[in-house]
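*Asks:* Sending over target-v5.cif (mmCIF, C-alpha atoms).
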data_coords
#
loop_
_atom_site.label_atom_id
_atom_site.label_comp_id
_atom_site.auth_asym_id
_atom_site.auth_seq_id
_atom_site.Cartn_x
_atom_site.Cartn_y
_atom_site.Cartn_z
CA MET N 1 0.00 0.00 0.00
CA GLY N 2 3.02 2.29 0.62
CA ARG N 3 3.95 2.22 -3.05
CA LEU N 4 0.40 3.06 -4.11
CA ARG N 5 0.26 6.01 -1.75
CA MET N 6 3.55 7.31 -3.19
CA LEU N 7 2.12 7.01 -6.69
CA ILE N 8 -1.04 8.88 -5.73
CA ASP N 9 1.00 11.58 -4.02
CA SER N 10 3.26 12.14 -7.00
CA LEU N 11 0.37 12.20 -9.46
CA SER N 12 -1.63 14.66 -7.36
CA HIS N 13 1.23 17.23 -7.35
CA PRO N 14 1.60 19.56 -10.36
CA ARG N 15 4.70 19.60 -12.54
CA VAL N 16 7.46 21.77 -11.08
CA THR N 17 9.94 21.78 -13.95
CA GLU N 18 10.08 24.94 -16.04
CA LYS N 19 9.75 24.72 -19.82
CA TYR N 20 12.28 27.46 -20.09
CA PRO N 21 14.01 27.51 -23.47
CA TYR N 22 10.68 26.86 -25.17
CA GLU N 23 8.65 29.30 -23.11
CA PRO N 24 9.68 32.66 -21.64
CA ILE N 25 9.95 33.03 -17.87
CA PRO N 26 8.73 35.92 -15.71
CA ILE N 27 11.46 38.32 -14.55
CA PRO N 28 11.37 40.08 -11.16
CA GLU N 29 10.56 43.79 -11.00
CA ASP N 30 13.95 45.03 -9.78
CA PHE N 31 16.08 42.68 -11.86
CA ARG N 32 19.48 44.02 -12.88
CA GLY N 33 20.32 42.84 -16.36
CA LYS N 34 22.27 44.09 -19.34
CA PRO N 35 23.42 47.72 -19.05
CA GLU N 36 22.62 49.74 -22.14
CA ILE N 37 23.68 53.24 -23.17
CA ASP N 38 21.11 55.36 -24.94
CA PRO N 39 23.52 56.96 -27.43
CA GLU N 40 21.24 59.87 -28.22
CA LYS N 41 21.16 60.94 -24.59
CA CYS N 42 24.80 60.24 -23.66
CA ILE N 43 26.95 63.34 -23.19
CA GLY N 44 30.27 61.52 -22.95
CA CYS N 45 31.24 62.71 -19.49
CA ALA N 46 32.64 59.24 -18.64
CA ALA N 47 31.30 59.30 -15.09
CA CYS N 48 30.19 55.69 -15.58
CA ALA N 49 33.70 54.69 -16.64
CA ARG N 50 35.06 56.30 -13.52
CA VAL N 51 32.84 54.44 -11.06
CA CYS N 52 32.74 51.04 -12.81
CA PRO N 53 34.44 48.60 -10.36
CA PRO N 54 35.65 45.99 -12.92
CA ASN N 55 36.32 48.58 -15.69
CA ALA N 56 33.67 47.08 -17.92
CA ILE N 57 33.04 50.61 -19.20
CA THR N 58 36.13 52.31 -20.55
CA PHE N 59 36.73 55.43 -22.58
CA ARG N 60 39.52 56.58 -24.83
CA ASP N 61 40.08 59.97 -26.45
CA ASP N 62 41.26 59.90 -30.03
CA HIS N 63 42.98 63.29 -30.32
CA GLU N 64 43.84 62.84 -34.00
CA GLN N 65 40.38 62.01 -35.32
CA GLY N 66 38.58 64.01 -32.65
CA TYR N 67 36.48 61.29 -31.07
CA ARG N 68 35.76 60.00 -27.60
CA VAL N 69 35.08 56.26 -27.67
CA LEU N 70 33.03 54.76 -24.84
CA GLN N 71 32.98 50.99 -24.65
CA VAL N 72 30.70 48.77 -22.60
CA PHE N 73 32.05 45.22 -22.40
CA LEU N 74 29.33 42.94 -21.09
CA GLY N 75 31.82 40.12 -20.60
CA ARG N 76 33.19 41.98 -17.61
CA CYS N 77 30.08 43.64 -16.22
CA ILE N 78 29.03 42.50 -12.74
CA PHE N 79 25.62 44.23 -12.92
CA CYS N 80 26.14 46.37 -9.82
CA GLY N 81 24.28 49.36 -11.30
CA ARG N 82 26.70 52.06 -10.20
CA CYS N 83 26.82 53.44 -13.75
CA GLN N 84 23.08 54.00 -13.66
CA ASP N 85 23.47 55.69 -10.30
CA SER N 86 26.21 58.06 -11.45
CA CYS N 87 24.89 59.05 -14.89
CA PRO N 88 23.85 62.73 -14.78
CA VAL N 89 21.44 62.49 -17.72
CA GLY N 90 20.07 58.98 -17.20
CA ALA N 91 21.54 57.69 -20.44
CA ILE N 92 22.80 54.35 -19.11
CA LYS N 93 20.27 51.98 -17.61
CA LEU N 94 20.18 48.35 -16.57
CA THR N 95 17.58 46.55 -18.66
CA LYS N 96 15.83 43.31 -17.80
CA GLU N 97 17.57 41.44 -20.57
CA PHE N 98 19.66 38.54 -19.25
CA GLU N 99 20.22 36.20 -22.20
CA LEU N 100 23.66 37.53 -23.01
CA VAL N 101 25.03 34.27 -24.36
CA SER N 102 27.28 34.82 -27.36
CA LEU N 103 29.56 32.88 -29.62
CA SER N 104 32.27 35.52 -29.79
CA LYS N 105 33.59 38.26 -27.54
CA ASP N 106 32.86 40.93 -30.16
CA ASP N 107 29.12 40.50 -29.71
CA LEU N 108 29.42 41.60 -26.09
CA TYR N 109 30.59 45.13 -26.93
CA GLN N 110 28.63 48.34 -27.15
CA VAL N 111 30.62 51.20 -28.64
CA VAL N 112 29.56 54.85 -28.56
CA LYS N 113 31.62 57.40 -30.49
CA LEU N 114 31.14 61.09 -29.72
CA GLU N 115 32.78 64.08 -31.38
CA LEU N 116 35.22 66.21 -29.41
CA ALA N 117 35.12 70.00 -29.34
CA LYS N 118 38.11 72.17 -30.17
CA CYS N 119 39.67 74.73 -27.86
CA VAL N 120 38.81 78.20 -29.22
CA ARG N 121 42.25 79.57 -28.39
CA CYS N 122 44.74 76.89 -29.48
CA GLY N 123 42.62 74.44 -31.52
CA LYS N 124 43.35 71.27 -29.56
CA TYR N 125 40.61 68.70 -28.95
CA THR N 126 39.18 68.86 -25.45
CA VAL N 127 35.85 67.26 -24.40
CA PRO N 128 32.72 66.16 -26.33
CA TYR N 129 30.43 68.84 -27.72
CA ARG N 130 27.46 67.40 -25.92
CA TYR N 131 29.27 67.70 -22.60
CA ILE N 132 29.92 71.41 -23.17
CA LYS N 133 26.34 71.90 -24.30
CA TYR N 134 25.10 70.21 -21.13
CA LEU N 135 27.33 72.35 -18.92
CA MET N 136 26.25 75.52 -20.70
CA GLU N 137 22.66 74.71 -19.90
CA LYS N 138 23.12 73.35 -16.38
CA GLY N 139 26.50 74.56 -15.17
CA PRO N 140 27.36 77.76 -13.25
CA LYS N 141 27.05 80.79 -15.50
CA ILE N 142 30.34 82.38 -14.59
CA LEU N 143 32.23 79.45 -16.09
CA LYS N 144 30.74 79.81 -19.56
CA TYR N 145 33.75 81.31 -21.27
CA GLU N 146 36.10 78.80 -19.68
CA LEU N 147 34.21 75.82 -21.13
CA LEU N 148 35.49 76.46 -24.61
CA LEU N 149 39.14 76.36 -23.55
CA CYS N 150 41.51 73.47 -23.07
CA PRO N 151 43.01 73.09 -19.56
CA GLU N 152 46.33 74.69 -20.56
CA CYS N 153 44.70 77.75 -22.11
CA LYS N 154 42.36 78.04 -19.15
CA SER N 155 45.20 78.23 -16.66
CA GLU N 156 47.10 80.63 -18.91
CA VAL N 157 44.15 83.00 -19.28
CA THR N 158 43.43 82.90 -15.56
CA THR N 159 47.06 83.70 -14.78
CA LEU N 160 47.06 86.60 -17.23
CA ILE N 161 43.95 88.08 -15.66
CA LYS N 162 45.38 87.83 -12.16
CA TYR N 163 48.74 89.23 -13.26
CA HIS N 164 47.08 92.16 -14.94
CA TYR N 165 44.97 93.04 -11.92
CA ALA N 166 47.91 92.67 -9.56
CA GLN N 167 49.85 95.18 -11.65
CA GLU N 168 46.95 97.62 -11.71
CA VAL N 169 46.50 97.49 -7.97
CA HIS N 170 50.23 97.94 -7.46
CA GLU N 171 50.21 101.10 -9.57
CA MET H 1 31.50 26.05 -31.93
CA VAL H 2 28.41 25.10 -33.85
CA SER H 3 30.54 24.32 -36.88
CA SER H 4 32.71 21.88 -34.92
CA LEU H 5 29.60 20.24 -33.54
CA LYS H 6 28.09 20.01 -37.02
CA ALA H 7 31.27 18.50 -38.39
CA TYR H 8 31.24 15.99 -35.60
CA GLY H 9 27.58 15.16 -36.29
CA SER H 10 28.07 14.82 -40.03
CA LYS H 11 30.98 12.47 -39.50
CA ARG H 12 28.75 10.21 -37.46
CA GLY H 13 25.90 10.57 -39.91
CA HIS H 14 23.45 12.29 -37.56
CA LYS H 15 23.13 15.40 -35.43
CA LEU H 16 24.48 15.33 -31.89
CA LYS H 17 21.48 15.60 -29.66
CA SER H 18 22.80 15.01 -26.18
CA VAL H 19 25.86 16.64 -24.69
CA ARG H 20 27.97 15.28 -21.86
CA VAL H 21 29.57 18.07 -19.93
CA PHE H 22 32.40 18.17 -17.42
CA HIS H 23 32.65 20.97 -14.89
CA VAL H 24 35.98 22.61 -14.00
CA ASN H 25 36.41 25.28 -11.37
CA SER H 26 39.39 27.51 -12.16
CA GLY H 27 39.39 29.57 -8.99
CA ALA H 28 35.77 30.74 -8.91
CA CYS H 29 34.04 32.12 -5.83
CA ASN H 30 31.54 29.21 -5.99
CA GLY H 31 28.66 31.44 -7.11
CA CYS H 32 28.64 30.09 -10.65
CA ASP H 33 29.12 26.53 -9.37
CA ILE H 34 26.00 26.79 -7.26
CA GLU H 35 24.06 28.04 -10.29
CA LEU H 36 25.38 25.04 -12.21
CA LEU H 37 24.15 22.84 -9.41
CA ASP H 38 20.78 24.57 -9.66
CA ILE H 39 20.24 23.54 -13.27
CA LEU H 40 20.44 19.89 -12.24
CA THR H 41 17.56 20.24 -9.77
CA PRO H 42 13.99 19.20 -10.73
CA PHE H 43 13.00 22.86 -11.07
CA TYR H 44 15.29 23.49 -14.07
CA ASP H 45 16.20 19.88 -14.92
CA ILE H 46 18.84 20.24 -17.61
CA GLU H 47 18.70 16.50 -18.30
CA ARG H 48 15.43 16.94 -20.20
CA LEU H 49 17.55 18.61 -22.90
CA GLY H 50 19.87 15.60 -23.00
CA VAL H 51 22.66 17.25 -21.04
CA LYS H 52 24.43 15.13 -18.47
CA LEU H 53 27.17 16.01 -16.05
CA VAL H 54 29.95 13.42 -16.20
CA SER H 55 32.69 12.77 -13.71
CA THR H 56 35.67 12.65 -16.05
CA PRO H 57 36.73 14.75 -19.01
CA ARG H 58 37.41 11.61 -21.02
CA HIS H 59 33.66 11.12 -21.45
CA ALA H 60 32.84 14.77 -22.08
CA HIS H 61 31.87 16.62 -25.21
CA ALA H 62 31.94 20.00 -23.53
CA LEU H 63 33.87 21.62 -20.71
CA LEU H 64 32.03 24.03 -18.42
CA VAL H 65 34.67 26.31 -16.97
CA THR H 66 33.96 28.74 -14.13
CA GLY H 67 36.38 31.15 -12.50
CA PRO H 68 38.97 33.68 -13.67
CA LEU H 69 41.75 31.12 -14.33
CA THR H 70 44.26 31.55 -11.55
CA ARG H 71 47.88 30.55 -12.03
CA LYS H 72 47.47 27.58 -9.72
CA THR H 73 44.52 26.10 -11.65
CA ALA H 74 45.83 26.82 -15.15
CA SER H 75 47.69 23.50 -15.39
CA ALA H 76 44.63 21.57 -14.18
CA VAL H 77 42.41 23.23 -16.80
CA VAL H 78 44.87 22.39 -19.56
CA ARG H 79 45.06 18.79 -18.39
CA ALA H 80 41.28 18.50 -18.33
CA TYR H 81 41.08 20.05 -21.80
CA GLU H 82 43.69 17.71 -23.22
CA ALA H 83 42.07 14.67 -21.63
CA MET H 84 38.87 15.30 -23.57
CA PRO H 85 38.28 13.38 -26.80
CA PRO H 86 39.72 15.32 -29.76
CA GLU H 87 36.24 15.97 -31.15
CA PRO H 88 34.13 18.03 -30.59
CA ARG H 89 36.04 19.58 -27.62
CA ILE H 90 33.67 22.39 -26.85
CA VAL H 91 34.57 24.93 -24.14
CA ILE H 92 31.84 26.94 -22.41
CA ALA H 93 32.86 29.87 -20.20
CA VAL H 94 30.32 30.27 -17.41
CA GLY H 95 30.27 33.55 -15.54
CA THR H 96 31.85 36.94 -15.98
CA CYS H 97 35.16 35.77 -14.52
CA ALA H 98 35.56 33.00 -17.04
CA CYS H 99 34.58 35.30 -19.90
CA SER H 100 37.04 38.10 -19.22
CA GLY H 101 38.52 37.92 -15.73
CA GLY H 102 35.64 39.92 -14.26
CA ILE H 103 36.35 42.00 -11.22
CA PHE H 104 39.69 40.22 -10.79
CA TYR H 105 40.93 41.11 -14.28
CA ASP H 106 44.03 42.99 -13.15
CA SER H 107 45.02 40.65 -10.32
CA TYR H 108 48.58 39.33 -10.18
CA ALA H 109 47.24 35.86 -9.37
CA LEU H 110 45.61 35.34 -12.76
CA TYR H 111 47.09 33.50 -15.68
CA ARG H 112 47.88 35.82 -18.55
CA ARG H 113 49.54 35.57 -21.90
CA ILE H 114 52.63 37.70 -22.37
CA GLY H 115 52.63 40.35 -25.10
CA GLY H 116 50.00 42.41 -26.84
CA SER H 117 49.59 46.13 -26.95
CA MET H 118 48.87 48.43 -24.03
CA PHE H 119 45.29 49.05 -25.17
CA ASP H 120 44.52 45.33 -25.14
CA VAL H 121 45.28 44.82 -21.47
CA PRO H 122 41.92 45.97 -20.02
CA ARG H 123 40.15 43.86 -22.63
CA ARG H 124 42.02 40.62 -21.94
CA GLY H 125 41.62 37.98 -19.28
CA GLY H 126 39.55 34.90 -18.61
CA ILE H 127 40.03 31.36 -19.83
CA SER H 128 40.40 32.41 -23.46
CA GLU H 129 43.96 33.30 -22.50
CA LEU H 130 44.73 29.59 -22.33
CA ILE H 131 42.19 27.56 -24.34
CA PRO H 132 39.82 28.49 -27.20
CA VAL H 133 36.33 29.32 -25.95
CA HIS H 134 33.23 28.57 -28.01
CA ILE H 135 30.40 29.96 -25.89
CA TYR H 136 30.50 32.90 -23.51
CA ILE H 137 27.87 33.05 -20.75
CA PRO H 138 28.41 36.33 -18.85
CA GLY H 139 26.69 37.08 -15.56
CA CYS H 140 27.81 37.47 -12.00
CA PRO H 141 26.63 34.80 -11.42
CA PRO H 142 24.57 33.96 -14.53
CA ARG H 143 20.97 33.00 -13.91
CA PRO H 144 20.31 29.26 -14.23
CA GLU H 145 18.06 30.15 -17.16
CA GLU H 146 20.95 31.86 -18.86
CA ILE H 147 23.13 28.76 -18.55
CA ILE H 148 20.27 26.70 -19.96
CA TYR H 149 20.01 29.22 -22.78
CA GLY H 150 23.70 28.83 -23.49
CA ILE H 151 23.49 25.07 -23.65
CA SER H 152 20.35 25.33 -25.82
CA LEU H 153 22.41 27.49 -28.17
CA LEU H 154 24.88 24.63 -28.36
CA LEU H 155 22.05 22.23 -29.20
CA GLU H 156 20.71 24.72 -31.79
CA LEU H 157 17.38 25.13 -30.01
CA VAL H 158 17.58 28.92 -29.76
CA ASN H 159 19.36 31.81 -31.49
CA GLU H 160 21.89 34.30 -30.23
CA ARG H 161 20.29 37.51 -29.00
CA VAL H 162 23.14 39.94 -28.35
CA SER H 163 25.13 41.57 -31.10
CA LYS H 164 27.74 44.28 -31.28
CA GLN H 165 26.19 47.72 -31.10
CA HIS H 166 28.09 50.55 -32.67
CA TYR H 167 27.02 54.16 -32.55
CA LYS H 168 28.78 57.09 -34.14
CA GLU H 169 27.74 60.68 -33.76
CA GLU H 170 26.76 61.80 -37.20
CA SER H 171 26.91 65.51 -37.86
CA LEU H 172 27.94 68.69 -36.17
CA GLU H 173 25.10 70.75 -37.64
CA ASP H 174 23.41 71.23 -34.29
CA TYR H 175 26.50 72.41 -32.49
CA LYS H 176 27.64 75.95 -33.06
CA LEU H 177 29.72 76.48 -29.97
CA THR H 178 31.98 79.42 -30.58
CA ARG H 179 33.19 82.11 -28.29
CA ARG H 180 30.27 84.35 -27.58
CA LYS H 181 30.73 87.59 -29.54
CA SER H 182 28.45 90.03 -27.82
CA PRO H 183 28.28 93.67 -29.01
CA ILE H 184 31.23 95.86 -28.09
CA SER H 185 29.21 98.02 -25.71
CA GLU H 186 28.26 94.94 -23.70
CA ARG H 187 31.78 93.55 -23.64
CA LEU H 188 33.02 96.93 -22.49
CA ARG H 189 30.40 97.02 -19.78
CA TYR H 190 31.31 93.59 -18.44
CA SER H 191 35.02 94.30 -18.49
CA LEU H 192 34.58 97.61 -16.70
CA ARG H 193 32.26 95.96 -14.21
CA GLU H 194 35.00 93.48 -13.32
CA LYS H 195 37.44 96.37 -13.02
CA THR H 196 35.12 98.37 -10.75
CA ARG H 197 34.83 95.44 -8.40
CA HIS H 198 38.55 95.71 -7.68
CA ILE H 199 38.29 99.37 -6.78
CA VAL H 200 34.98 99.89 -4.96
CA GLY H 201 33.93 96.32 -4.23
CA TYR H 202 31.06 94.19 -5.41
CA PHE H 203 28.42 96.01 -3.39
CA ASP H 204 28.77 99.53 -4.88
CA ARG H 205 30.10 98.67 -8.31
CA ASP H 206 26.80 98.66 -10.20
CA ARG H 207 25.81 102.08 -8.88
CA VAL H 208 29.15 103.64 -9.82
CA LEU H 209 29.26 101.97 -13.21
CA GLU H 210 25.75 103.12 -14.11
CA LYS H 211 26.68 106.70 -13.36
CA PHE H 212 29.82 106.37 -15.44
CA LEU H 213 27.96 104.87 -18.40
CA GLU H 214 25.36 107.66 -18.23
CA ILE H 215 28.15 110.19 -18.56
CA VAL H 216 29.68 108.20 -21.40
CA GLN H 217 26.40 108.22 -23.32
CA ILE H 218 26.22 112.00 -23.13
CA ALA H 219 29.88 112.34 -24.12
CA GLU H 220 29.59 110.00 -27.14
CA LYS H 221 26.99 112.28 -28.73
CA SER H 222 29.37 115.23 -28.96
CA GLU H 223 31.95 115.82 -31.71
CA ASN H 224 35.04 115.22 -29.59
CA PRO H 225 33.99 112.49 -27.12
CA ARG H 226 37.38 112.07 -25.52
CA LYS H 227 37.64 115.69 -24.50
CA ARG H 228 33.97 115.97 -23.58
CA LEU H 229 34.15 112.89 -21.34
CA SER H 230 37.06 114.25 -19.32
CA GLU H 231 35.21 117.56 -18.90
CA LEU H 232 32.02 115.88 -17.74
CA ILE H 233 33.88 113.66 -15.28
CA ASP H 234 35.71 116.64 -13.85
CA GLU H 235 32.34 118.38 -13.38
CA TYR H 236 30.88 115.38 -11.67
CA CYS H 237 33.89 114.84 -9.39
CA ALA H 238 33.71 118.42 -8.18
CA LYS H 239 30.21 117.71 -6.82
CA GLU H 240 30.90 114.17 -5.58
CA GLY H 241 31.84 113.88 -1.93
CA ASP H 242 33.05 110.27 -1.95
CA SER H 243 36.75 110.13 -2.74
CA ARG H 244 36.53 106.45 -3.74
CA VAL H 245 34.09 107.26 -6.50
CA ARG H 246 36.18 110.19 -7.68
CA GLU H 247 39.23 108.00 -8.05
CA CYS H 248 37.26 105.17 -9.58
CA LEU H 249 35.74 107.35 -12.29
CA LYS H 250 39.17 108.57 -13.35
CA ILE H 251 40.51 105.02 -13.61
CA LEU H 252 37.39 103.97 -15.50
CA GLU H 253 37.80 106.81 -17.95
CA ARG H 254 41.37 105.75 -18.75
CA ASP H 255 40.38 102.08 -19.04
CA TYR H 256 37.37 102.84 -21.17
CA TRP H 257 39.45 104.29 -23.99
CA ARG H 258 42.14 101.64 -23.70
CA LEU H 259 39.61 98.81 -23.94
CA LYS H 260 37.58 100.45 -26.66
CA ASN H 261 40.59 100.98 -28.89
CA ALA H 262 41.72 97.42 -28.34
CA LEU H 263 38.29 95.98 -29.11
CA LEU H 264 37.84 98.08 -32.22
CA SER H 265 41.24 97.09 -33.58
CA ARG H 266 40.47 93.44 -32.67
CA GLU H 267 43.40 92.92 -30.37
CA GLU H 268 43.21 90.24 -27.71
CA VAL H 269 42.09 91.99 -24.59
CA ILE H 270 43.25 90.39 -21.41
CA TYR H 271 39.99 90.42 -19.55
CA TRP H 272 37.40 89.52 -22.09
CA ILE H 273 34.08 88.02 -21.13
#
Go through the file and emit its structure as structure tokens.
*Replies:*
Amino acid sequence: MGRLRMLIDSLSHPRVTEKYPYEPIPIPEDFRGKPEIDPEKCIGCAACARVCPPNAITFRDDHEQGYRVLQVFLGRCIFCGRCQDSCPVGAIKLTKEFELVSLSKDDLYQVVKLELAKCVRCGKYTVPYRYIKYLMEKGPKILKYELLLCPECKSEVTTLIKYHYAQEVHE
Amino acid sequence: MVSSLKAYGSKRGHKLKSVRVFHVNSGACNGCDIELLDILTPFYDIERLGVKLVSTPRHAHALLVTGPLTRKTASAVVRAYEAMPPEPRIVIAVGTCACSGGIFYDSYALYRRIGGSMFDVPRRGGISELIPVHIYIPGCPPRPEEIIYGISLLLELVNERVSKQHYKEESLEDYKLTRRKSPISERLRYSLREKTRHIVGYFDRDRVLEKFLEIVQIAEKSENPRKRLSELIDEYCAKEGDSRVRECLKILERDYWRLKNALLSREEVIYWI
């Protein structure tokens, strides 16, 4: 009779196994999946690259072509979500996508190329246009003229101003 | 990967339907290993897809490798890889560490090939440094579903979903960021305002500057503005009791002409705003 009871028990329970690859599964509300940059929103400030613990997001400035290249390498991402936390414009977000299986490493890259602005005084490439545009809208107003300069020119101009005033006061 | 499996299947005359896998831990934190254990439970039940975990690499078609490949485990991974039958010899990297080194990518304890350029270094790491990898399953740790998805990809049940995304900013039409060229009167006003701050301070400067600019407007209408301005300022100073303002107006008068000449001849003025 013990065997019969076992049979009845097992038949009365529903099936627990998921039919996963054939049917989709529900994903929790706060699931942290694949990080994705919205390239239209991104301003290229590289705050995400700065906070990323495993350096899954990196950036490189190409000073000859005038580009900033941001790379997201999913093969190294640990899905901590600090990039989403640090992004000032909300361009990078963790989606609910988790099927990141790929046959080659190249498929795991997301590359965003943004154009760099030129310094108005010496003509060197500095930071992306969108970054300057963002700062002009949101940044402190007194800094506006400094935004269009490269760091060297900025320090030079500041020194000149101070030197000039010091001379005037001395007179 | 799929090609090697297809070649193996065609040699035998039929498609390979079941895969025997062997699990190697190359220094993982055990997170991925527990997820691998999960897919054997009745809830996920990987064996319904014909996948079976075997206890020796000699029986295995595929190697499931977890961990960032430490120096100590590198020899064991190579031995396991070489003990596998020569075909199809599939390697599956499970977890972010196995894919690229993960959070440990720059550790001294990891196995690493020598050479390559400086720009490659942040991109390298993982078990592909030592053995060729056919399937990458990133995740820290990957969900059991994701591992099942990876193995289903091997069995050609599903298709790859991720692909390389490349975005390039297209045109610069929208951006016209040049140095702001405001009218000369405004540039003069801002420069003089900065100057006045150094003489009378930020609190009184607007009052003094407004008076000065009023006088300038009257003077500019006459035939000889330079002479007229000095006359008007002398008149005003005779009435003014504050010595600070008297001195300030004289300095402003001198600076006004200096700046105006420089701006009109397009020289670089030192304090431009």
*Asks:* Between chain H and chain N, at 6 Å or less, what are the per-residue closest atom pairs and their distances in Å? Count only C-alpha atoms, order by chain and rising residue number, and return it as CSV.
*Replies:*
residue,atom,partner,partner_atom,distance
H:Pro42,CA,N:Thr17,CA,5.8
H:Phe43,CA,N:Thr17,CA,4.3
H:Tyr44,CA,N:Thr17,CA,5.6
H:Thr96,CA,N:Arg76,CA,5.5
H:Cys99,CA,N:Gly75,CA,5.6
H:Ser100,CA,N:Arg76,CA,5.7
H:Gly102,CA,N:Arg76,CA,4.6
H:Ile103,CA,N:Pro54,CA,4.4
H:His134,CA,N:Leu103,CA,5.9
H:Ile135,CA,N:Leu103,CA,4.8
H:Tyr136,CA,N:Ser102,CA,5.4
H:Ile137,CA,N:Val101,CA,4.8
H:Pro138,CA,N:Gly75,CA,5.4
H:Cys140,CA,N:Ile78,CA,5.2
H:Glu146,CA,N:Glu99,CA,5.5
H:Gly150,CA,N:Val101,CA,5.7
H:Val162,CA,N:Leu100,CA,5.9
H:Ser163,CA,N:Asp107,CA,4.4
H:Lys164,CA,N:Asp107,CA,4.3
H:Gln165,CA,N:Gln110,CA,4.7
H:His166,CA,N:Val111,CA,4.8
H:Tyr167,CA,N:Val112,CA,4.8
H:Lys168,CA,N:Lys113,CA,4.6
H:Glu169,CA,N:Leu114,CA,5.3
*Asks:* Could you tell me how far atom CA of H:Trp257 lies from atom CA of H:Arg197, in Å and to one decimal?
*Replies:* 18.5 Å
*Asks:* Please provide the set of residues having any atom within 9 Å of H:Leu64, restricted to only C-alpha atoms, with same-chain residues fewer than 2 positions apart removed, written as a PyMOL selection string.
*Replies:* chain H and resi 21-25+62+66+90-94
*Asks:* Run the PyMOL selection byres ((chain H and resi 232) around 12) against the file shown and list the residues it catches, as a PyMOL selection string.
*Replies:* chain H and resi 211-220+222+225-231+233-239+249-250+253
*Asks:* May I have the selected residues written with C-alpha atoms, as a short mmCIF file (atom, residue, chain, number, x, y, z; two decimals), in the frame of the given file?
*Replies:*
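part_10.cif written:
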data_model
loop_
_atom_site.label_atom_id
_atom_site.label_comp_id
_atom_site.auth_asym_id
_atom_site.auth_seq_id
_atom_site.Cartn_x
_atom_site.Cartn_y
_atom_site.Cartn_z
CA LYS H 211 26.68 106.70 -13.36
CA PHE H 212 29.82 106.37 -15.44
CA LEU H 213 27.96 104.87 -18.40
CA GLU H 214 25.36 107.66 -18.23
CA ILE H 215 28.15 110.19 -18.56
CA VAL H 216 29.68 108.20 -21.40
CA GLN H 217 26.40 108.22 -23.32
CA ILE H 218 26.22 112.00 -23.13
CA ALA H 219 29.88 112.34 -24.12
CA GLU H 220 29.59 110.00 -27.14
CA SER H 222 29.37 115.23 -28.96
CA PRO H 225 33.99 112.49 -27.12
CA ARG H 226 37.38 112.07 -25.52
CA LYS H 227 37.64 115.69 -24.50
CA ARG H 228 33.97 115.97 -23.58
CA LEU H 229 34.15 112.89 -21.34
CA SER H 230 37.06 114.25 -19.32
CA GLU H 231 35.21 117.56 -18.90
CA ILE H 233 33.88 113.66 -15.28
CA ASP H 234 35.71 116.64 -13.85
CA GLU H 235 32.34 118.38 -13.38
CA TYR H 236 30.88 115.38 -11.67
CA CYS H 237 33.89 114.84 -9.39
CA ALA H 238 33.71 118.42 -8.18
CA LYS H 239 30.21 117.71 -6.82
CA LEU H 249 35.74 107.35 -12.29
CA LYS H 250 39.17 108.57 -13.35
CA GLU H 253 37.80 106.81 -17.95
#
*Asks:* Would you pick out the contacts of N:Gly66 at 6 Å or less, using all atoms listed in the file, so that residues sharing its chain but fewer than 2 positions from it are not included, and give the list as a VMD selection string?
*Replies:* chain N and resid 62 to 64 115 to 116
*Asks:* Check what the PyMOL selection byres ((chain N and resi 44) around 7) selects in the file above and give those residues as a PyMOL selection string.
*Replies:* chain N and resi 42-43+45-46+114+128+131
*Asks:* Which residue, H:Leu264, H:Ala76, H:Ala28, H:Val51, has the smallest gap to H:Ser185 when you use only C-alpha atoms?
*Replies:* H:Leu264
*Asks:* Skipping near chain neighbours, those fewer than 5 positions away, what residues fall within 9 Å of H:Ile199 using all atoms listed in the file, listed as a list in words?
*Replies:*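 Residues near the query, excluding close chain neighbours: Val169 of chain N; Arg205, Arg244, Val245, Glu247 and Cys248 of chain H.
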*Asks:* Go ahead and dump the residues you just picked, C-alpha atoms, as a PDB file, in the frame of the given file.
*Replies:*
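To be explicit, this is the file written out as selection_1.pdb:
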ATOM      1  CA  VAL N 169      46.500  97.490  -7.970  1.00  0.00           C
TER       2      VAL N 169
ATOM      3  CA  ARG H 205      30.100  98.670  -8.310  1.00  0.00           C
ATOM      4  CA  ARG H 244      36.530 106.450  -3.740  1.00  0.00           C
ATOM      5  CA  VAL H 245      34.090 107.260  -6.500  1.00  0.00           C
ATOM      6  CA  GLU H 247      39.230 108.000  -8.050  1.00  0.00           C
ATOM      7  CA  CYS H 248      37.260 105.170  -9.580  1.00  0.00           C
TER       8      CYS H 248
END
*Asks:* Could you jot down the atom CA of H:Asn159 to atom CA of H:Val133 separation for me, Å, one decimal place?
*Replies:*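 Atom CA of H:Val133 lies 18.0 Å from atom CA of H:Asn159.
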*Asks:* Quick check, in Å to one decimal: how far apart do atom CA of H:His198 and atom CA of N:Ala166 lie?
*Replies:*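 So the two atoms, atom CA of H:His198 and atom CA of N:Ala166, lie 10.0 Å apart.
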*Asks:* With all atoms listed in the file as the basis for distance, which of H:Thr196, H:Leu157, H:Ser243, H:Asp204 is at the shortest distance from N:Glu23?
*Replies:*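 Distance minimum relative to N:Glu23 lands on H:Leu157.
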*Asks:* May I ask which of the residues H:Val200, H:Leu252, H:Leu188, H:Ile127 is the closest one to H:Ser26, counting all atoms listed in the file?
*Replies:*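 Once distances to H:Ser26 are computed over all atoms listed in the file, the minimum belongs to H:Ile127.
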